[in-house]
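Printed here is model17.tsv (TSV, C-alpha atoms):
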chain	number	residue	atom	x	y	z
A	386	MET	CA	103.76	48.39	28.87
A	387	ILE	CA	101.61	51.41	29.67
A	388	ARG	CA	102.61	53.47	32.69
A	389	ALA	CA	100.76	56.44	34.13
A	390	ASP	CA	102.27	58.61	36.85
A	391	GLY	CA	100.40	61.25	38.83
A	392	LEU	CA	97.57	61.77	36.32
A	393	VAL	CA	95.38	64.78	37.05
A	394	VAL	CA	92.37	65.66	34.88
A	395	ALA	CA	90.35	68.64	36.05
A	396	TYR	CA	87.29	70.50	34.84
A	397	GLY	CA	87.42	73.81	36.61
A	398	ALA	CA	87.96	73.17	40.29
A	399	HIS	CA	86.73	69.59	40.04
A	400	ARG	CA	89.42	66.93	39.71
A	401	VAL	CA	88.06	63.91	37.87
A	402	LEU	CA	91.43	62.18	38.24
A	403	ASP	CA	93.55	63.20	41.20
A	404	GLY	CA	97.10	61.83	41.10
A	405	VAL	CA	96.43	58.43	39.54
A	406	ASP	CA	99.32	55.97	39.10
A	407	LEU	CA	98.84	52.88	36.94
A	408	ALA	CA	100.85	50.16	35.21
A	409	VAL	CA	99.42	47.90	32.49
A	410	ARG	CA	101.99	45.14	32.12
A	411	PRO	CA	102.46	42.58	29.34
A	412	GLY	CA	101.11	39.15	30.16
A	413	GLN	CA	98.42	40.54	32.45
A	414	VAL	CA	94.79	41.57	32.30
A	415	THR	CA	94.37	44.71	34.41
A	416	GLY	CA	90.85	45.46	35.60
A	417	VAL	CA	89.67	48.94	36.59
A	418	VAL	CA	86.67	49.03	38.91
A	419	GLY	CA	84.92	51.57	41.10
A	420	PRO	CA	81.62	53.37	41.71
A	421	ASN	CA	79.85	55.37	39.03
A	422	GLY	CA	81.56	58.68	38.41
A	423	CYS	CA	84.85	57.66	40.00
A	424	GLY	CA	86.90	58.40	36.85
A	425	LYS	CA	87.21	55.03	35.10
A	426	THR	CA	86.33	56.23	31.60
A	427	THR	CA	88.34	59.42	32.06
A	428	LEU	CA	91.35	57.28	32.96
A	429	VAL	CA	91.02	55.30	29.73
A	430	ARG	CA	90.69	58.53	27.75
A	431	ALA	CA	93.76	59.94	29.47
A	432	LEU	CA	95.80	56.89	28.48
A	433	LEU	CA	94.68	57.45	24.88
A	434	ARG	CA	95.61	61.16	25.04
A	435	ALA	CA	91.96	61.99	24.41
A	436	VAL	CA	91.71	64.39	27.38
A	437	ARG	CA	94.10	67.10	28.48
A	438	LEU	CA	96.20	66.38	31.53
A	439	ALA	CA	96.54	69.07	34.19
A	440	ALA	CA	99.48	67.10	35.56
A	441	GLY	CA	101.16	63.74	35.18
A	442	ARG	CA	102.64	61.64	32.42
A	443	VAL	CA	101.66	58.62	30.30
A	444	GLU	CA	104.30	56.37	28.79
A	445	VAL	CA	103.83	53.54	26.29
A	446	ASP	CA	106.83	51.23	26.02
A	447	GLY	CA	108.94	53.88	27.70
A	448	GLN	CA	107.89	56.67	25.31
A	449	ASP	CA	106.13	59.80	26.56
A	450	VAL	CA	102.91	59.86	24.53
A	451	ALA	CA	102.81	63.67	24.72
A	452	ARG	CA	105.90	63.68	22.47
A	453	ARG	CA	104.61	61.17	19.93
A	454	SER	CA	102.04	61.49	17.16
A	455	ARG	CA	98.49	60.21	17.45
A	456	ARG	CA	99.22	57.77	14.61
A	457	TRP	CA	102.16	56.37	16.60
A	458	LEU	CA	99.88	55.89	19.59
A	459	ALA	CA	97.05	54.35	17.53
A	460	ARG	CA	99.38	51.71	16.17
A	461	ARG	CA	100.31	50.62	19.69
A	462	ILE	CA	96.96	50.83	21.49
A	463	ALA	CA	93.63	49.42	20.30
A	464	TYR	CA	90.48	50.74	21.93
A	465	VAL	CA	86.98	49.35	22.40
A	466	GLY	CA	84.49	51.83	23.85
A	467	GLN	CA	81.21	51.44	25.68
A	468	HIS	CA	79.05	52.32	22.71
A	469	ALA	CA	79.84	51.07	19.21
A	470	GLU	CA	78.80	53.58	16.53
A	471	PRO	CA	80.37	52.38	13.25
A	472	ASP	CA	79.15	53.23	9.78
A	473	PRO	CA	75.94	51.17	9.37
A	474	ALA	CA	76.53	50.83	5.62
A	475	LEU	CA	79.71	48.78	6.16
A	476	THR	CA	79.70	45.02	6.37
A	477	VAL	CA	81.04	43.24	9.41
A	478	ALA	CA	84.12	42.11	7.48
A	479	ASP	CA	84.77	45.67	6.24
A	480	GLU	CA	84.62	47.09	9.76
A	481	VAL	CA	86.93	44.45	11.19
A	482	GLY	CA	89.32	44.94	8.29
A	483	LEU	CA	89.75	48.58	9.29
A	484	GLY	CA	91.79	47.33	12.22
A	485	SER	CA	94.63	46.53	9.85
A	486	LEU	CA	94.34	50.04	8.37
A	487	VAL	CA	95.02	51.53	11.79
A	488	ARG	CA	97.99	49.21	12.29
A	489	THR	CA	99.70	49.70	8.95
A	490	GLY	CA	98.47	53.10	7.82
A	491	ALA	CA	97.39	51.54	4.52
A	492	LEU	CA	94.44	49.43	3.47
A	493	VAL	CA	95.53	45.81	3.38
A	494	THR	CA	93.95	43.45	0.84
A	495	GLY	CA	94.50	39.92	-0.35
A	496	ALA	CA	94.74	36.56	1.36
A	497	ARG	CA	96.62	37.86	4.39
A	498	HIS	CA	93.96	40.50	5.01
A	499	ASP	CA	91.15	37.97	4.58
A	500	ARG	CA	92.83	35.56	6.99
A	501	THR	CA	93.18	38.27	9.64
A	502	VAL	CA	89.50	39.19	9.33
A	503	VAL	CA	88.32	35.57	9.46
A	504	GLU	CA	90.51	34.74	12.45
A	505	SER	CA	89.33	37.84	14.33
A	506	LEU	CA	85.66	37.14	13.65
A	507	ASP	CA	86.07	33.50	14.58
A	508	LEU	CA	87.46	34.46	18.00
A	509	VAL	CA	84.33	36.46	18.82
A	510	GLY	CA	81.91	34.00	17.21
A	511	LEU	CA	80.76	36.22	14.33
A	512	THR	CA	82.13	34.45	11.25
A	513	HIS	CA	78.59	33.68	10.09
A	514	LEU	CA	77.82	37.43	9.97
A	515	ALA	CA	80.87	38.49	7.94
A	516	THR	CA	78.79	39.74	5.00
A	517	ALA	CA	75.99	41.29	7.07
A	518	HIS	CA	75.71	45.07	7.22
A	519	LEU	CA	76.28	46.70	10.59
A	520	ALA	CA	72.80	48.23	10.48
A	521	GLN	CA	71.39	44.71	10.83
A	522	LEU	CA	73.21	43.87	14.05
A	523	SER	CA	72.11	44.01	17.66
A	524	GLY	CA	73.96	46.07	20.26
A	525	GLY	CA	75.71	42.99	21.58
A	526	GLU	CA	76.81	41.93	18.10
A	527	LEU	CA	78.16	45.41	17.41
A	528	GLN	CA	80.16	45.24	20.62
A	529	ARG	CA	81.74	41.97	19.51
A	530	VAL	CA	82.52	43.48	16.11
A	531	GLY	CA	84.42	46.23	17.92
A	532	ILE	CA	86.42	43.63	19.82
A	533	ALA	CA	87.15	41.74	16.58
A	534	ARG	CA	88.41	44.98	15.04
A	535	ALA	CA	90.74	45.47	18.01
A	536	ILE	CA	92.03	41.92	17.54
A	537	ALA	CA	92.65	42.57	13.84
A	538	GLN	CA	94.63	45.67	14.75
A	539	ARG	CA	97.14	43.43	16.53
A	540	ALA	CA	98.32	46.17	18.83
A	541	ASP	CA	100.51	45.40	21.81
A	542	HIS	CA	97.99	47.03	24.15
A	543	VAL	CA	94.19	47.01	24.21
A	544	LEU	CA	91.96	49.23	26.34
A	545	LEU	CA	88.33	48.14	26.75
A	546	ASP	CA	85.84	50.45	28.44
A	547	GLU	CA	82.95	48.33	29.75
A	548	PRO	CA	83.06	45.90	26.80
A	549	LEU	CA	80.31	43.73	28.29
A	550	ASN	CA	77.60	46.30	27.55
A	551	HIS	CA	74.64	44.69	25.75
A	552	LEU	CA	76.15	41.19	25.96
A	553	ASP	CA	74.20	38.23	27.32
A	554	VAL	CA	75.65	35.92	29.95
A	555	ARG	CA	77.30	33.47	27.56
A	556	HIS	CA	78.93	36.13	25.41
A	557	ARG	CA	80.15	37.99	28.48
A	558	LEU	CA	82.00	34.92	29.63
A	559	GLU	CA	83.35	34.24	26.15
A	560	VAL	CA	84.72	37.79	25.81
A	561	LEU	CA	86.31	37.71	29.25
A	562	ALA	CA	87.95	34.35	28.56
A	563	LEU	CA	89.29	35.86	25.32
A	564	LEU	CA	90.97	38.86	26.97
A	565	PRO	CA	94.45	37.32	27.40
A	566	ARG	CA	94.49	36.52	23.66
A	567	ILE	CA	93.49	39.99	22.42
A	568	ALA	CA	96.89	41.58	23.08
A	569	PRO	CA	99.96	41.13	25.28
A	570	ALA	CA	98.75	43.87	27.66
A	571	VAL	CA	95.04	44.40	28.34
A	572	LEU	CA	93.17	46.94	30.47
A	573	VAL	CA	89.44	46.45	30.94
A	574	VAL	CA	86.91	48.59	32.80
A	575	LEU	CA	84.32	46.45	34.58
A	576	HIS	CA	81.37	46.96	36.88
A	577	ASP	CA	80.88	43.33	37.88
A	578	LEU	CA	83.25	42.62	40.77
A	579	ASP	CA	82.70	38.85	40.57
A	580	LEU	CA	84.00	38.90	37.00
A	581	ALA	CA	86.89	41.22	37.86
A	582	ALA	CA	87.98	38.85	40.63
A	583	ARG	CA	87.78	35.86	38.32
A	584	TYR	CA	89.31	37.13	35.08
A	585	CYS	CA	91.78	39.89	36.02
A	586	ASP	CA	95.38	39.36	37.07
A	587	GLN	CA	95.47	42.70	38.84
A	588	VAL	CA	92.74	45.15	39.81
A	589	VAL	CA	92.82	48.93	40.24
A	590	LEU	CA	90.04	50.31	42.45
A	591	LEU	CA	89.13	53.96	41.93
A	592	ASP	CA	87.07	56.21	44.16
A	593	GLN	CA	86.51	59.93	43.60
A	594	GLY	CA	89.33	60.09	41.10
A	595	ARG	CA	91.92	58.41	43.27
A	596	VAL	CA	93.40	54.92	43.44
A	597	VAL	CA	92.28	53.36	46.72
A	598	GLY	CA	93.64	49.90	45.93
A	599	ALA	CA	95.86	48.23	43.34
A	600	GLY	CA	97.18	44.70	43.19
A	601	ALA	CA	95.93	41.14	43.22
A	602	PRO	CA	92.11	40.81	43.17
A	603	ALA	CA	92.04	38.97	46.50
A	604	GLN	CA	93.83	41.89	48.12
A	605	VAL	CA	92.05	44.80	46.47
A	606	LEU	CA	88.53	43.33	46.45
A	607	ALA	CA	88.49	42.74	50.19
A	608	PRO	CA	85.04	43.20	51.78
A	609	GLN	CA	86.18	45.96	54.12
A	610	VAL	CA	87.74	47.91	51.24
A	611	LEU	CA	84.66	47.53	49.04
A	612	ALA	CA	82.35	48.50	51.90
A	613	ARG	CA	84.18	51.81	52.36
A	614	THR	CA	84.33	52.51	48.63
A	615	TYR	CA	80.77	51.63	47.63
A	616	GLY	CA	78.99	52.47	50.88
A	617	VAL	CA	77.38	49.05	51.20
A	618	ARG	CA	77.72	45.95	53.34
A	619	VAL	CA	79.79	43.28	51.61
A	620	ARG	CA	80.04	39.53	52.07
A	621	ARG	CA	82.49	37.45	50.04
A	622	VAL	CA	82.09	33.71	49.66
A	623	ILE	CA	83.95	31.10	47.64
A	624	GLY	CA	81.50	29.33	45.37
A	625	PRO	CA	81.50	25.73	44.15
A	626	ASP	CA	83.51	26.95	41.13
A	627	ASP	CA	86.33	27.97	43.55
A	628	HIS	CA	85.90	31.62	42.57
A	629	PRO	CA	84.90	34.47	44.93
A	630	HIS	CA	81.40	35.86	44.78
A	631	PHE	CA	80.18	39.03	46.43
A	632	ALA	CA	76.84	39.75	48.08
A	633	PHE	CA	75.87	43.37	48.70
A	634	THR	CA	73.26	44.89	50.97
A	635	LEU	CA	72.48	48.43	51.95
A	636	PRO	CA	73.80	49.53	55.33
A	637	ASP	CA	71.35	49.57	58.21
A	638	ALA	CA	69.30	52.74	58.24
A	639	PRO	CA	69.80	54.84	61.36
A	640	ALA	CA	67.12	54.23	63.92
A	641	ARG	CA	64.46	56.88	64.08
A	642	PRO	CA	64.11	58.62	67.43
A	643	ALA	CA	61.10	57.50	69.42
A	644	PRO	CA	58.26	60.04	69.40
A	645	SER	CA	57.98	62.12	72.52
A	646	PRO	CA	55.12	60.98	74.77
A	647	GLU	CA	52.09	63.20	74.60
A	648	ARG	CA	51.47	65.28	77.67
A	649	THR	CA	47.99	65.52	79.06
A	650	PRO	CA	46.92	68.86	80.51
Would you encode the structure as structure tokens?
Amino acid sequence: MIRADGLVVAYGAHRVLDGVDLAVRPGQVTGVVGPNGCGKTTLVRALLRAVRLAAGRVEVDGQDVARRSRRWLARRIAYVGQHAEPDPALTVADEVGLGSLVRTGALVTGARHDRTVVESLDLVGLTHLATAHLAQLSGGELQRVGIARAIAQRADHVLLDEPLNHLDVRHRLEVLALLPRIAPAVLVVLHDLDLAARYCDQVVLLDQGRVVGAGAPAQVLAPQVLARTYGVRVRRVIGPDDHPHFAFTLPDAPARPAPSPERTP
């Protein structure tokens, strides 16, 4: 379990995170949503100890991460970022195999290593590209390689920051359906509220660095809450698939004052 209490990240006088509390529990997919610039990526980086906290505390399995080594943390949390930038000279299988290096601290070879790589690639639908070099792949394929590497790491926790970047519709749905199988505890940053409502067990809604809602998707993603947070008009309907869907429109523009009647001399 990952627990964050009172996280504050500040750059000068500007607080990017302002007292954020969060719990990423085993057996759940936790979604983090919110407007652009609300602090979603900074929150992920704070959980990874990649930014300095002005206040607050992050615990992983009851251990204060500030008191543990980065290697200790890397073995317990796998991370998939927005932009995959691996070494283009590596093959897909080589890159995925590095996940086991993070987990064990040593390069694993042999049948067990090969099985881990094959199983990880199979889950993301990239087995046929195992021998391809990363330089040959599209952005969407690179993103799936990053997810396969996280699977191969076999960490207890996985953090994914907008993992659907560059993915087409089918692969988006496949990755989201895969989330519960990536690790016991999963946190994913999403922009698409329809997908957050459908695939997340709990949702954390951020706005201006603060948590404005946390809990079940039906509770947090209520139209009135989203309207206040995003500054739009929101309508939620239940589609034929029995899942909620959101429609957004801009608020009505204020009426312009009528021009003053011209006066004749």
Do you know which residues are at most 10 Å from stretch 444-446 of chain A counting all atoms listed in the file, after dropping those on the same chain fewer than 4 positions away, and could you put them as a compact mmCIF listing (two decimals) with C-alpha atoms, in the coordinates of the input?
# COMPACT_ATOMS: atom_id res chain seq x y z
CA MET A 386 103.76 48.39 28.87
CA ILE A 387 101.61 51.41 29.67
CA ARG A 388 102.61 53.47 32.69
CA ALA A 389 100.76 56.44 34.13
CA ASP A 390 102.27 58.61 36.85
CA ALA A 408 100.85 50.16 35.21
CA VAL A 409 99.42 47.90 32.49
CA ARG A 410 101.99 45.14 32.12
CA LEU A 432 95.80 56.89 28.48
CA VAL A 450 102.91 59.86 24.53
CA ALA A 451 102.81 63.67 24.72
CA ARG A 452 105.90 63.68 22.47
CA ARG A 453 104.61 61.17 19.93
CA LEU A 458 99.88 55.89 19.59
CA ARG A 461 100.31 50.62 19.69
CA ILE A 462 96.96 50.83 21.49
CA ASP A 541 100.51 45.40 21.81
CA HIS A 542 97.99 47.03 24.15
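Proximity of A:Ala439, A:Ala582, A:Leu483, A:Val401 to A:His630, computed with all atoms listed in the file, is greatest for A:Ala582.
Every protein or nucleic acid residue with an atom no more than 7 Å from A:Val589, counting only C-alpha atoms and leaving out same-chain residues fewer than 2 positions away, appears here: Gly416, Val417, Val418, Gln587, Leu591, Val596, Gly598, Ala599 and Gly600 of chain A.
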Closest of A:Tyr396, A:Tyr464, A:Tyr584, A:Phe633 to A:Arg437, counting only C-alpha atoms, is A:Tyr396
Would you kindly return, as a tab-separated table (two decimals) with C-alpha atoms, in the coordinates of the input, each protein, DNA or RNA residue with an atom no farther than 12 Å from any atom of A:Val619, considering only C-alpha atoms and excluding same-chain residues fewer than 2 positions away?
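Output (part36.tsv):
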chain	number	residue	atom	x	y	z
A	578	LEU	CA	83.25	42.62	40.77
A	606	LEU	CA	88.53	43.33	46.45
A	607	ALA	CA	88.49	42.74	50.19
A	608	PRO	CA	85.04	43.20	51.78
A	609	GLN	CA	86.18	45.96	54.12
A	610	VAL	CA	87.74	47.91	51.24
A	611	LEU	CA	84.66	47.53	49.04
A	612	ALA	CA	82.35	48.50	51.90
A	613	ARG	CA	84.18	51.81	52.36
A	614	THR	CA	84.33	52.51	48.63
A	615	TYR	CA	80.77	51.63	47.63
A	616	GLY	CA	78.99	52.47	50.88
A	617	VAL	CA	77.38	49.05	51.20
A	621	ARG	CA	82.49	37.45	50.04
A	622	VAL	CA	82.09	33.71	49.66
A	630	HIS	CA	81.40	35.86	44.78
A	631	PHE	CA	80.18	39.03	46.43
A	632	ALA	CA	76.84	39.75	48.08
A	633	PHE	CA	75.87	43.37	48.70
A	634	THR	CA	73.26	44.89	50.97
A	635	LEU	CA	72.48	48.43	51.95
A	636	PRO	CA	73.80	49.53	55.33
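Between atom CA of A:Ala515 and atom CA of A:Ala478 the interatomic distance comes to 4.9 Å.
Relative to atom CA of A:Val588, atom CA of A:Pro411 is found at 14.5 Å.
Neighbourhood of point (84.9, 42.0, 4.9): residues with an atom at most 9 Å away, counting all atoms listed in the file, are Leu475, Thr476, Val477, Ala478, Asp479, Glu480, Val481, Gly482, Asp499, Val502, Val503, Ala515 and Thr516 of chain A.
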Fewer than 5 positions away in the same chain doesn't count, so skip those; otherwise give me all residues within 7 Å of A:Ala533, counting all atoms listed in the file, as a PyMOL selection string.
chain A and resi 481+505-506+509
Could you write out the selected residues, including C-alpha atoms, as an mmCIF file, keeping the file's coordinate frame?
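File written: part29.cif
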data_model
loop_
_atom_site.group_PDB
_atom_site.id
_atom_site.type_symbol
_atom_site.label_atom_id
_atom_site.label_comp_id
_atom_site.auth_asym_id
_atom_site.auth_seq_id
_atom_site.Cartn_x
_atom_site.Cartn_y
_atom_site.Cartn_z
ATOM 1 C CA VAL A 481 86.930 44.450 11.190
ATOM 2 C CA SER A 505 89.330 37.840 14.330
ATOM 3 C CA LEU A 506 85.660 37.140 13.650
ATOM 4 C CA VAL A 509 84.330 36.460 18.820
#
Can you work out the spacing between atom CA of A:Asp592 and atom CA of A:Pro420 in Å, to one decimal?
6.6 Å
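When all atoms listed in the file are used to measure the gap to A:Leu552, the shortest distance among A:Gly397, A:Pro625, A:Gly510, A:Gly525 belongs to A:Gly525.
Nearest-residue note for A:Leu428: choosing from A:Val573, A:Ile567, A:Ala535, A:Leu549, the minimum distance belongs to A:Val573, counting all atoms listed in the file.
Ranking A:Ala537, A:Ala517, A:Ala581, A:Leu575 by their shortest atom-to-atom distance to A:Glu504, with all atoms listed in the file included, puts A:Ala537 first.
Distance check against A:Glu547 using all atoms listed in the file: of A:Asp403, A:Asp627, A:Asp449, A:Asp577, the minimum falls on A:Asp577.
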Can you tell me, as a compact mmCIF listing (two decimals) with C-alpha atoms, keeping the file's coordinate frame, what residues are no more than 8 Å from A:Cys585 when counting all atoms listed in the file, ignoring any on the same chain fewer than 4 positions away?
# COMPACT_ATOMS: atom_id res chain seq x y z
CA GLN A 413 98.42 40.54 32.45
CA VAL A 414 94.79 41.57 32.30
CA THR A 415 94.37 44.71 34.41
CA GLY A 416 90.85 45.46 35.60
CA LEU A 580 84.00 38.90 37.00
CA ALA A 581 86.89 41.22 37.86
CA PRO A 602 92.11 40.81 43.17
